[in-house]
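Student: Pasting entry-v8.txt below, which is compact mmCIF, C-alpha atoms.
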```
# COMPACT_ATOMS: atom_id res chain seq x y z
CA MET A 1 69.00 -117.06 -108.72
CA GLN A 2 67.10 -118.60 -111.64
CA GLU A 3 70.22 -118.62 -113.80
CA VAL A 4 72.26 -120.29 -111.05
CA LEU A 5 69.60 -122.98 -110.69
CA ARG A 6 69.82 -123.62 -114.44
CA ILE A 7 73.58 -124.00 -114.15
CA LEU A 8 73.24 -126.47 -111.31
CA ASP A 9 70.53 -128.44 -113.12
CA ALA A 10 72.55 -128.67 -116.34
CA ASN A 11 75.71 -129.79 -114.58
CA LEU A 12 73.96 -132.35 -112.39
CA ASN A 13 72.59 -133.87 -115.60
CA ARG A 14 76.02 -133.74 -117.20
CA ALA A 15 77.64 -135.41 -114.19
CA ARG A 16 75.05 -138.22 -114.10
CA GLU A 17 75.36 -138.86 -117.83
CA GLY A 18 79.15 -138.92 -117.73
CA LEU A 19 79.19 -141.29 -114.79
CA ARG A 20 76.74 -143.66 -116.41
CA THR A 21 78.82 -143.72 -119.61
CA ALA A 22 81.91 -144.73 -117.64
CA GLU A 23 80.00 -147.21 -115.48
CA GLU A 24 78.69 -149.08 -118.52
CA TYR A 25 82.27 -149.37 -119.79
CA ALA A 26 83.38 -150.88 -116.47
CA ARG A 27 80.42 -153.25 -116.40
CA PHE A 28 80.10 -154.47 -119.98
CA ILE A 29 83.54 -153.92 -121.52
CA LEU A 30 85.98 -154.50 -118.65
CA HIS A 31 83.71 -156.74 -116.55
CA ASP A 32 85.40 -154.98 -113.64
CA SER A 33 83.05 -154.96 -110.66
CA ALA A 34 85.53 -153.03 -108.50
CA ALA A 35 85.70 -150.16 -110.99
CA GLN A 36 81.93 -150.21 -111.40
CA GLN A 37 81.43 -150.04 -107.65
CA SER A 38 83.81 -147.10 -107.37
CA LEU A 39 81.72 -145.19 -109.94
CA LYS A 40 78.51 -146.13 -108.13
CA ALA A 41 80.05 -144.64 -104.99
CA VAL A 42 80.43 -141.33 -106.84
CA ARG A 43 76.77 -141.44 -107.86
CA ARG A 44 75.83 -141.94 -104.21
CA LYS A 45 77.83 -138.82 -103.42
CA LEU A 46 75.74 -137.00 -106.02
CA GLU A 47 72.59 -137.98 -104.15
CA GLU A 48 74.10 -136.55 -100.96
CA LEU A 49 74.83 -133.36 -102.89
CA ILE A 50 71.22 -133.06 -104.03
CA ARG A 51 69.95 -133.52 -100.47
CA ALA A 52 72.38 -130.82 -99.33
CA LEU A 53 70.81 -128.38 -101.81
CA GLY A 54 67.77 -128.38 -99.57
CA PRO A 55 64.87 -126.19 -100.80
CA ALA A 56 66.81 -125.36 -103.98
CA ALA A 57 66.68 -129.00 -105.19
CA PRO A 58 62.96 -129.08 -106.16
CA ALA A 59 63.38 -125.80 -108.05
CA LEU A 60 66.02 -127.18 -110.43
CA LEU A 61 63.61 -128.88 -112.81
CA ALA A 62 61.33 -125.85 -112.94
CA ALA A 63 64.33 -123.66 -113.83
CA ARG A 64 65.28 -125.80 -116.83
CA ASP A 65 64.93 -124.00 -120.18
CA VAL A 66 66.10 -126.24 -123.02
CA ALA A 67 64.65 -124.08 -125.79
CA GLY A 68 66.29 -120.95 -124.43
CA ASP A 69 69.76 -122.48 -123.95
CA VAL A 70 72.08 -120.57 -126.30
CA GLY A 71 74.81 -123.15 -125.69
CA LEU A 72 72.70 -126.08 -126.83
CA ASP A 73 74.48 -128.11 -129.52
CA LEU A 74 72.70 -131.15 -130.92
CA GLY A 75 75.48 -131.93 -133.36
CA ALA A 76 77.61 -135.06 -133.23
CA SER A 77 80.04 -135.54 -130.35
CA ALA A 78 83.77 -135.49 -130.86
CA THR A 79 85.12 -138.61 -132.58
CA ARG A 80 85.69 -141.56 -130.26
CA ARG A 81 87.90 -144.35 -131.58
CA THR A 82 87.56 -146.88 -128.77
CA SER A 83 85.20 -147.73 -125.93
CA ALA A 84 87.90 -146.51 -123.54
CA ASP A 85 87.78 -143.11 -125.28
CA VAL A 86 84.04 -142.97 -124.66
CA ALA A 87 84.43 -143.80 -120.97
CA ALA A 88 87.34 -141.39 -120.49
CA ALA A 89 85.33 -138.55 -122.05
CA GLY A 90 82.42 -139.35 -119.75
CA VAL A 91 84.65 -139.23 -116.67
CA LYS A 92 86.17 -135.89 -117.67
CA ARG A 93 82.73 -134.45 -118.39
CA ALA A 94 81.52 -135.49 -114.94
CA GLN A 95 84.62 -134.07 -113.23
CA GLU A 96 84.14 -130.70 -114.93
CA ALA A 97 80.46 -130.66 -114.03
CA LEU A 98 81.18 -131.41 -110.38
CA ARG A 99 83.63 -128.53 -110.22
CA VAL A 100 80.99 -126.17 -111.64
CA ILE A 101 78.44 -127.43 -109.11
CA GLU A 102 80.93 -126.98 -106.27
CA GLU A 103 81.42 -123.32 -107.16
CA TYR A 104 77.85 -122.28 -107.99
CA ALA A 105 76.20 -124.21 -105.16
CA GLN A 106 77.72 -121.73 -102.73
CA LEU A 107 75.35 -119.08 -104.10
CA VAL A 108 72.15 -120.97 -103.25
CA ALA A 109 73.11 -123.68 -100.71
CA ALA A 110 76.62 -123.44 -99.32
CA ALA A 111 76.27 -126.85 -97.61
CA ALA A 112 76.21 -128.54 -101.03
CA ALA A 113 79.72 -127.39 -101.96
CA ALA A 114 81.44 -129.94 -99.71
CA PRO A 115 79.67 -133.06 -101.07
CA ALA A 116 80.33 -131.78 -104.59
CA ALA A 117 84.05 -131.62 -103.81
CA GLN A 118 83.93 -135.07 -102.19
CA ALA A 119 82.23 -136.50 -105.26
CA ARG A 120 84.87 -134.95 -107.51
CA TYR A 121 87.76 -136.42 -105.53
CA ALA A 122 86.03 -139.80 -105.35
CA LEU A 123 85.77 -139.66 -109.15
CA TYR A 124 89.50 -138.95 -109.45
CA GLU A 125 90.11 -142.19 -107.53
CA ALA A 126 87.54 -144.07 -109.62
CA GLU A 127 89.24 -142.83 -112.79
CA GLN A 128 92.53 -144.26 -111.57
CA ARG A 129 90.93 -147.65 -110.91
CA LEU A 130 89.17 -147.60 -114.27
CA PHE A 131 92.19 -146.80 -116.44
CA HIS A 132 95.36 -147.55 -114.49
CA ASN A 133 94.86 -150.91 -112.84
CA ALA A 134 95.60 -154.36 -114.07
CA PRO A 135 93.41 -155.62 -116.94
CA SER A 136 90.16 -157.22 -115.89
CA SER A 137 91.33 -160.62 -117.14
CA GLN A 138 94.19 -160.59 -114.63
CA LEU A 139 91.93 -159.38 -111.86
CA ALA A 140 89.45 -162.14 -112.63
CA ARG A 141 92.18 -164.78 -112.54
CA LEU A 142 93.39 -163.49 -109.18
CA ALA A 143 89.91 -163.34 -107.68
CA LYS A 144 89.33 -166.99 -108.58
CA GLN A 145 92.32 -168.11 -106.48
CA PRO A 146 91.23 -168.70 -102.89
CA LEU A 147 94.76 -169.41 -101.70
CA MET A 148 97.97 -167.55 -102.46
CA VAL A 149 101.00 -169.66 -101.60
CA ILE A 150 103.87 -167.57 -100.25
CA ILE A 151 107.24 -169.16 -100.94
CA THR A 152 110.49 -168.39 -99.16
CA ARG A 153 113.03 -170.72 -100.66
CA ARG A 154 115.07 -171.44 -97.54
CA LEU A 155 111.96 -172.56 -95.66
CA CYS A 156 110.89 -175.13 -98.23
CA HIS A 157 111.00 -178.83 -97.48
CA GLY A 158 113.22 -179.86 -100.36
CA SER A 159 113.59 -178.21 -103.75
CA TRP A 160 111.42 -175.26 -104.75
CA ARG A 161 111.05 -176.85 -108.19
CA THR A 162 109.51 -179.99 -106.72
CA LEU A 163 107.32 -177.90 -104.43
CA LEU A 164 106.07 -175.84 -107.36
CA GLU A 165 105.26 -178.88 -109.49
CA ASP A 166 103.44 -180.59 -106.63
CA LEU A 167 101.37 -177.50 -105.92
CA LEU A 168 100.55 -176.96 -109.58
CA GLU A 169 99.32 -180.54 -109.79
CA ALA A 170 97.14 -179.86 -106.75
CA GLY A 171 95.54 -176.89 -108.52
CA ALA A 172 97.48 -173.96 -107.05
CA ARG A 173 97.56 -171.05 -109.49
CA CYS A 174 98.73 -168.10 -107.40
CA PHE A 175 102.16 -167.71 -105.82
CA GLN A 176 104.06 -164.95 -104.07
CA LEU A 177 107.84 -165.08 -103.83
CA ARG A 178 109.19 -163.54 -100.64
CA GLU A 179 112.98 -163.42 -100.42
CA LYS A 180 114.45 -160.98 -97.89
CA ARG A 181 117.98 -162.37 -97.95
CA LEU A 182 118.71 -162.72 -101.67
CA SER A 183 120.53 -160.11 -103.68
CA ALA A 184 118.61 -158.42 -106.48
CA ARG A 185 120.55 -160.47 -109.05
CA ASP A 186 119.98 -163.82 -107.35
CA PHE A 187 116.33 -163.04 -106.67
CA SER A 188 115.80 -161.99 -110.28
CA GLU A 189 117.41 -165.15 -111.67
CA TYR A 190 115.39 -167.39 -109.37
CA ALA A 191 112.15 -165.49 -110.02
CA THR A 192 112.64 -165.70 -113.79
CA GLN A 193 112.90 -169.49 -113.59
CA PHE A 194 109.89 -169.69 -111.28
CA VAL A 195 107.74 -167.45 -113.47
CA GLU A 196 108.56 -169.48 -116.59
CA ARG A 197 107.56 -172.74 -114.92
CA ALA A 198 104.42 -171.30 -113.32
CA ARG A 199 103.26 -169.64 -116.54
CA ARG A 200 103.27 -172.96 -118.39
CA ARG A 201 100.33 -173.90 -116.17
CA ASP A 202 98.67 -170.49 -116.38
CA ALA A 203 99.63 -169.64 -112.78
CA LEU A 204 100.21 -166.14 -111.43
CA THR A 205 103.47 -165.15 -109.77
CA ILE A 206 103.74 -162.05 -107.61
CA ILE A 207 107.00 -160.72 -106.17
CA ASN A 208 107.11 -159.48 -102.60
CA ASP A 209 108.47 -155.94 -102.12
CA ARG A 210 110.68 -155.74 -105.21
CA ALA A 211 109.16 -153.99 -108.22
CA ASP A 212 112.55 -154.16 -109.95
CA VAL A 213 112.66 -157.95 -109.61
CA ALA A 214 109.05 -158.19 -110.77
CA LEU A 215 109.94 -156.19 -113.89
CA ALA A 216 113.15 -158.12 -114.60
CA SER A 217 111.52 -161.53 -114.18
CA GLN A 218 108.34 -160.56 -116.06
CA ALA A 219 106.26 -161.61 -113.06
CA ASP A 220 102.56 -160.84 -112.94
CA GLY A 221 102.87 -158.24 -110.23
CA VAL A 222 104.29 -157.04 -106.94
CA HIS A 223 103.13 -157.07 -103.34
CA LEU A 224 103.98 -153.93 -101.35
CA GLY A 225 104.24 -153.26 -97.65
CA GLN A 226 103.30 -149.99 -96.01
CA GLU A 227 106.94 -148.87 -96.02
CA ASP A 228 107.75 -149.98 -99.58
CA LEU A 229 107.51 -148.00 -102.80
CA PRO A 230 104.34 -145.92 -103.17
CA LEU A 231 101.76 -147.81 -105.19
CA SER A 232 101.70 -145.11 -107.86
CA THR A 233 105.46 -145.47 -108.33
CA ALA A 234 105.22 -149.25 -108.65
CA ARG A 235 102.47 -148.74 -111.22
CA ARG A 236 104.70 -146.46 -113.27
CA ILE A 237 107.49 -149.04 -113.14
CA LEU A 238 105.39 -152.10 -113.97
CA GLY A 239 102.64 -150.59 -116.11
CA ARG A 240 98.88 -151.11 -116.24
CA GLY A 241 99.20 -154.84 -116.87
CA ALA A 242 100.67 -155.61 -113.45
CA LEU A 243 98.82 -156.79 -110.38
CA ILE A 244 99.70 -154.72 -107.33
CA GLY A 245 98.78 -155.78 -103.82
CA MET A 246 99.39 -154.05 -100.52
CA SER A 247 99.77 -155.24 -96.93
CA CYS A 248 97.27 -153.56 -94.60
CA HIS A 249 96.70 -153.83 -90.87
CA SER A 250 93.60 -151.71 -90.28
CA PRO A 251 90.39 -150.67 -92.03
CA GLU A 252 91.89 -147.24 -92.65
CA GLU A 253 94.95 -148.67 -94.39
CA ALA A 254 92.75 -150.98 -96.47
CA GLN A 255 90.52 -148.10 -97.59
CA ALA A 256 93.57 -146.01 -98.47
CA ALA A 257 95.10 -148.87 -100.48
CA ALA A 258 91.87 -149.35 -102.43
CA ALA A 259 91.67 -145.62 -103.14
CA GLN A 260 95.24 -145.66 -104.44
CA GLY A 261 94.35 -148.42 -106.89
CA ALA A 262 95.49 -151.64 -105.19
CA ASP A 263 94.25 -154.74 -107.01
CA TYR A 264 94.11 -156.80 -103.84
CA ILE A 265 94.94 -156.46 -100.15
CA GLY A 266 96.91 -158.70 -97.80
CA LEU A 267 95.19 -158.22 -94.44
CA GLY A 268 96.70 -159.22 -91.12
CA ALA A 269 98.27 -160.49 -89.14
CA MET A 270 95.40 -162.83 -88.35
CA TYR A 271 97.44 -164.88 -85.87
CA ASP A 272 100.90 -164.96 -84.42
CA THR A 273 103.48 -166.13 -86.94
CA ARG A 274 107.17 -166.98 -86.89
CA THR A 275 107.55 -166.63 -90.66
CA LYS A 276 108.02 -162.87 -90.35
CA SER A 277 108.07 -160.25 -87.63
CA VAL A 278 104.68 -158.63 -86.96
CA SER A 279 104.00 -155.70 -84.66
CA LYS A 280 100.32 -156.50 -84.08
CA VAL A 281 98.04 -159.51 -84.30
CA SER A 282 94.62 -158.28 -85.37
CA GLY A 283 92.68 -161.52 -85.54
CA PRO A 284 89.55 -162.43 -87.55
CA SER A 285 87.65 -159.38 -86.28
CA LEU A 286 89.65 -157.29 -88.74
CA LEU A 287 88.15 -159.29 -91.61
CA LYS A 288 84.64 -158.47 -90.42
CA ALA A 289 85.47 -154.76 -90.57
CA VAL A 290 87.16 -154.78 -93.98
CA VAL A 291 85.67 -157.49 -96.24
CA PRO A 292 82.12 -156.04 -96.44
CA ALA A 293 83.45 -152.55 -97.17
CA LEU A 294 85.62 -153.37 -100.19
CA SER A 295 84.96 -155.20 -103.44
CA LEU A 296 88.53 -156.22 -104.24
CA PRO A 297 90.06 -159.55 -103.07
CA ILE A 298 91.14 -159.50 -99.41
CA TYR A 299 93.80 -162.13 -98.63
CA ALA A 300 93.89 -162.89 -94.92
CA ILE A 301 97.49 -163.52 -93.88
CA GLY A 302 99.57 -164.37 -90.86
CA GLY A 303 99.78 -167.65 -88.95
CA ILE A 304 97.09 -169.33 -91.01
CA LYS A 305 97.01 -173.12 -90.74
CA ALA A 306 94.70 -176.10 -90.75
CA GLN A 307 93.33 -175.48 -87.28
CA ASN A 308 92.23 -171.89 -87.81
CA VAL A 309 91.32 -171.40 -91.48
CA GLY A 310 87.73 -172.42 -90.72
CA GLU A 311 87.48 -169.61 -88.18
CA LEU A 312 88.60 -167.15 -90.85
CA ALA A 313 85.98 -168.47 -93.27
CA GLU A 314 83.30 -167.87 -90.63
CA ALA A 315 84.60 -164.29 -90.25
CA GLY A 316 84.10 -163.66 -93.97
CA ALA A 317 87.43 -164.70 -95.51
CA ARG A 318 87.21 -165.82 -99.12
CA HIS A 319 90.94 -165.63 -99.82
CA VAL A 320 93.96 -166.50 -97.70
CA ALA A 321 97.72 -166.24 -98.14
CA VAL A 322 99.69 -169.07 -96.54
CA CYS A 323 103.40 -169.75 -96.18
CA SER A 324 104.75 -172.20 -93.58
CA ALA A 325 101.69 -174.42 -93.25
CA ILE A 326 102.15 -175.43 -96.89
CA ILE A 327 105.77 -175.04 -97.93
CA ARG A 328 107.15 -176.70 -94.77
CA SER A 329 104.69 -179.58 -94.94
CA ARG A 330 105.93 -183.07 -95.80
CA THR A 331 102.93 -183.26 -98.15
CA PRO A 332 102.45 -179.73 -99.50
CA ALA A 333 99.95 -180.72 -102.20
CA LYS A 334 97.67 -182.30 -99.62
CA ALA A 335 98.15 -179.35 -97.27
CA TYR A 336 97.09 -177.02 -100.09
CA THR A 337 94.03 -179.06 -101.05
CA ASP A 338 92.91 -179.47 -97.44
CA MET A 339 93.31 -175.77 -96.76
CA VAL A 340 91.23 -174.80 -99.82
CA ASN A 341 88.51 -177.30 -98.88
CA ALA A 342 88.40 -175.94 -95.34
CA LEU A 343 88.17 -172.36 -96.60
CA LEU A 344 85.54 -172.94 -99.28
CA HIS A 345 83.48 -175.74 -97.80
CA GLY A 346 84.09 -175.54 -94.07
CA LYS A 347 85.59 -179.03 -93.90
CA LYS A 348 87.51 -179.70 -90.72
CA ILE A 349 91.01 -180.99 -91.26
CA GLU A 350 93.78 -182.27 -89.08
CA GLU A 351 96.88 -180.23 -88.43
CA PRO A 352 99.36 -181.23 -91.18
CA GLU A 353 102.76 -182.47 -90.23
CA SER A 354 105.44 -179.90 -90.92
CA LEU A 355 109.15 -179.75 -90.55
CA PRO A 356 111.35 -177.42 -88.54
CA THR A 357 112.86 -174.55 -90.48
CA THR A 358 115.96 -175.68 -92.36
CA GLU A 359 118.22 -174.05 -94.87
CA VAL A 360 118.24 -175.85 -98.21
CA SER A 361 120.24 -175.32 -101.36
CA PRO A 362 118.56 -173.53 -104.26
```
Mind turning this structure into structure tokens?

Tutor:
Amino acid sequence: MQEVLRILDANLNRAREGLRTAEEYARFILHDSAAQQSLKAVRRKLEELIRALGPAAPALLAARDVAGDVGLDLGASATRRTSADVAAAGVKRAQEALRVIEEYAQLVAAAAAAPAAQARYALYEAEQRLFHNAPSSQLARLAKQPLMVIITRRLCHGSWRTLLEDLLEAGARCFQLREKRLSARDFSEYATQFVERARRRDALTIINDRADVALASQADGVHLGQEDLPLSTARRILGRGALIGMSCHSPEEAQAAAAQGADYIGLGAMYDTRTKSVSKVSGPSLLKAVVPALSLPIYAIGGIKAQNVGELAEAGARHVAVCSAIIRSRTPAKAYTDMVNALLHGKKIEEPESLPTTEVSP
């Protein structure tokens, strides 16, 4: 088994080196903590693999024979033109090494084959996050926004244009347009106008459900529900530059969304809401189960208002998505500012005065 131990030793080294190469790219080039964490998770799987080797693990180093390795090549590596090329080569090298380990481990410690396979599949997911998500600059802008304002035009108190300007003046820089009743053409025309105005103030605009409208209006991204387009399909439509969020209602759905490459998660419903139909109210306890487990922004959503946002902050919320409590308020700018202060600083605020739902002209 000496030769098999040499194979395992060489490929464990190759996997570690490839992972580190990719991790440095995520850390120092992309400044993408989510991608870096996903690669660290693969390295933790490697440690599980080594433990599963049992008595064979200590023998790996003794089996190493650098001088006798006929495949040793100390020449220059293949030409890399960009830092992304370097990272991509490292990921592929690690994937190949993990496959070799998975096969040969069965000859000396069959229990190690499973963690090798798990590490390989975790690396496939990490590769997707590293190379097929929104640029780190967009992710950083999103992460800095504690409150995403969800706008449904017919629910607004007055004109959406006035609402947008007031909120921009108050510091809002992240909006989601949710329009279930508009045709694709009307939604696209409205979204295009909204995006143009928001972009003048460096604000992000995300379209609910409709990847086609997001593409046509040149919005910054799309927010998907569990029954909408698959995330991978939306990514193909909108490209790497788009932000893609997903609605989740359980820890399992949140983990799956992160593995698929979601840039952020809308988690809820936190409380009962009349803005949209919800099948289950999960409450703040859901935040406690999800926020510590994931590194991407988690936007608590559903029935959030002045009286309960402090409770969400205590449960670990750092981001919230709010609709009615802001857009139906008589003073939406103040409602926004108060909500952010309550979320970030724990300041208690009075329930803002809001209006009954009314239909308004566009």

Student: Within 10 Å of A:Ala254, counting all atoms listed in the file, which residues qualify if same-chain residues fewer than 6 places away don't, as JSON, numbers by chain?

Tutor: {"A": [246, 247, 248, 260, 262, 264, 265, 266, 267, 290, 291, 293, 294, 298]}

Student: What's the separation between atom CA of A:Phe131 and atom CA of A:Ala15, in Å to one decimal place?

Tutor: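 The value is 18.6 Å.
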
Student: If you count all atoms listed in the file, which residues fall within 7 Å of stretch 108-125 of chain A, apart from same-chain ones fewer than 2 positions away, as JSON, numbers by chain?

Tutor: {"A": [39, 42, 45, 46, 48, 49, 52, 53, 56, 95, 98, 101, 102, 103, 105, 106, 127, 128, 129, 259, 260]}

Student: Those residues you just picked out, can you put them in a file as a PDB file, in the frame of the given file with C-alpha atoms?

Tutor:
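Full text of again_5.pdb as output:
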```
ATOM      1  CA  LEU A  39      81.720-145.190-109.940  1.00  0.00           C
ATOM      2  CA  VAL A  42      80.430-141.330-106.840  1.00  0.00           C
ATOM      3  CA  LYS A  45      77.830-138.820-103.420  1.00  0.00           C
ATOM      4  CA  LEU A  46      75.740-137.000-106.020  1.00  0.00           C
ATOM      5  CA  GLU A  48      74.100-136.550-100.960  1.00  0.00           C
ATOM      6  CA  LEU A  49      74.830-133.360-102.890  1.00  0.00           C
ATOM      7  CA  ALA A  52      72.380-130.820 -99.330  1.00  0.00           C
ATOM      8  CA  LEU A  53      70.810-128.380-101.810  1.00  0.00           C
ATOM      9  CA  ALA A  56      66.810-125.360-103.980  1.00  0.00           C
ATOM     10  CA  GLN A  95      84.620-134.070-113.230  1.00  0.00           C
ATOM     11  CA  LEU A  98      81.180-131.410-110.380  1.00  0.00           C
ATOM     12  CA  ILE A 101      78.440-127.430-109.110  1.00  0.00           C
ATOM     13  CA  GLU A 102      80.930-126.980-106.270  1.00  0.00           C
ATOM     14  CA  GLU A 103      81.420-123.320-107.160  1.00  0.00           C
ATOM     15  CA  ALA A 105      76.200-124.210-105.160  1.00  0.00           C
ATOM     16  CA  GLN A 106      77.720-121.730-102.730  1.00  0.00           C
ATOM     17  CA  GLU A 127      89.240-142.830-112.790  1.00  0.00           C
ATOM     18  CA  GLN A 128      92.530-144.260-111.570  1.00  0.00           C
ATOM     19  CA  ARG A 129      90.930-147.650-110.910  1.00  0.00           C
ATOM     20  CA  ALA A 259      91.670-145.620-103.140  1.00  0.00           C
ATOM     21  CA  GLN A 260      95.240-145.660-104.440  1.00  0.00           C
TER      22      GLN A 260
END
```

Student: Would you list the contacts of A:Ala313 as a ChimeraX atom specification, taking every protein, DNA or RNA residue within 9 Å and counting only C-alpha atoms, but skipping same-chain residues closer than 5 positions in sequence?

Tutor: /A:308,318-319,342-346

Student: Of the residues A:Pro297, A:Gly245, A:Pro146, A:Gly54, which is the one nearest to A:His223, using only C-alpha atoms?

Tutor: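 Selected residue with least distance to A:His223: A:Gly245.
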
Student: By how many Å are atom CA of A:Arg199 and atom CA of A:Leu296 apart?

Tutor: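 Here the two named atoms are 23.4 Å from each other.
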
Student: As AutoDock Vina command-line options, please report the centre and edge lengths, rounded to one decimal in Å, of the axis-aligned box that holds all listed atoms of stretch 2-16 of chain A with 8 Å of padding on each of the six sides.

Tutor:
```
--center_x 72.4 --center_y -128.4 --center_z -113.9 --size_x 26.5 --size_y 35.6 --size_z 22.5
```

Student: Would you mind reading off the distance between atom CA of A:Ala242 and atom CA of A:Gln138, one decimal, in Å?

Tutor: 8.3 Å

Student: Could you pull the residues within 12 Å of A:Gln2, counting all atoms listed in the file, minus those fewer than 4 positions along the same chain, as a PyMOL selection string?

Tutor: chain A and resi 6-9+56+59-65+104+107-108

Student: Restricting the output to C-alpha atoms, write the selected residues as a PDB file, keeping the file's coordinate frame.

Tutor:
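Generated file (result.pdb):
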```pdb
ATOM      1  CA  ARG A   6      69.820-123.620-114.440  1.00  0.00           C
ATOM      2  CA  ILE A   7      73.580-124.000-114.150  1.00  0.00           C
ATOM      3  CA  LEU A   8      73.240-126.470-111.310  1.00  0.00           C
ATOM      4  CA  ASP A   9      70.530-128.440-113.120  1.00  0.00           C
ATOM      5  CA  ALA A  56      66.810-125.360-103.980  1.00  0.00           C
ATOM      6  CA  ALA A  59      63.380-125.800-108.050  1.00  0.00           C
ATOM      7  CA  LEU A  60      66.020-127.180-110.430  1.00  0.00           C
ATOM      8  CA  LEU A  61      63.610-128.880-112.810  1.00  0.00           C
ATOM      9  CA  ALA A  62      61.330-125.850-112.940  1.00  0.00           C
ATOM     10  CA  ALA A  63      64.330-123.660-113.830  1.00  0.00           C
ATOM     11  CA  ARG A  64      65.280-125.800-116.830  1.00  0.00           C
ATOM     12  CA  ASP A  65      64.930-124.000-120.180  1.00  0.00           C
ATOM     13  CA  TYR A 104      77.850-122.280-107.990  1.00  0.00           C
ATOM     14  CA  LEU A 107      75.350-119.080-104.100  1.00  0.00           C
ATOM     15  CA  VAL A 108      72.150-120.970-103.250  1.00  0.00           C
TER      16      VAL A 108
END
```

Student: For each of A:Ser324, A:Thr21, A:Gln226, A:Ser285, take the minimum atom-to-atom distance to A:Gly303, counting all atoms listed in the file, then give the residue where this is smallest.

Tutor: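 Looking only at the distances to A:Gly303, the closest residue turns out to be A:Ser324.
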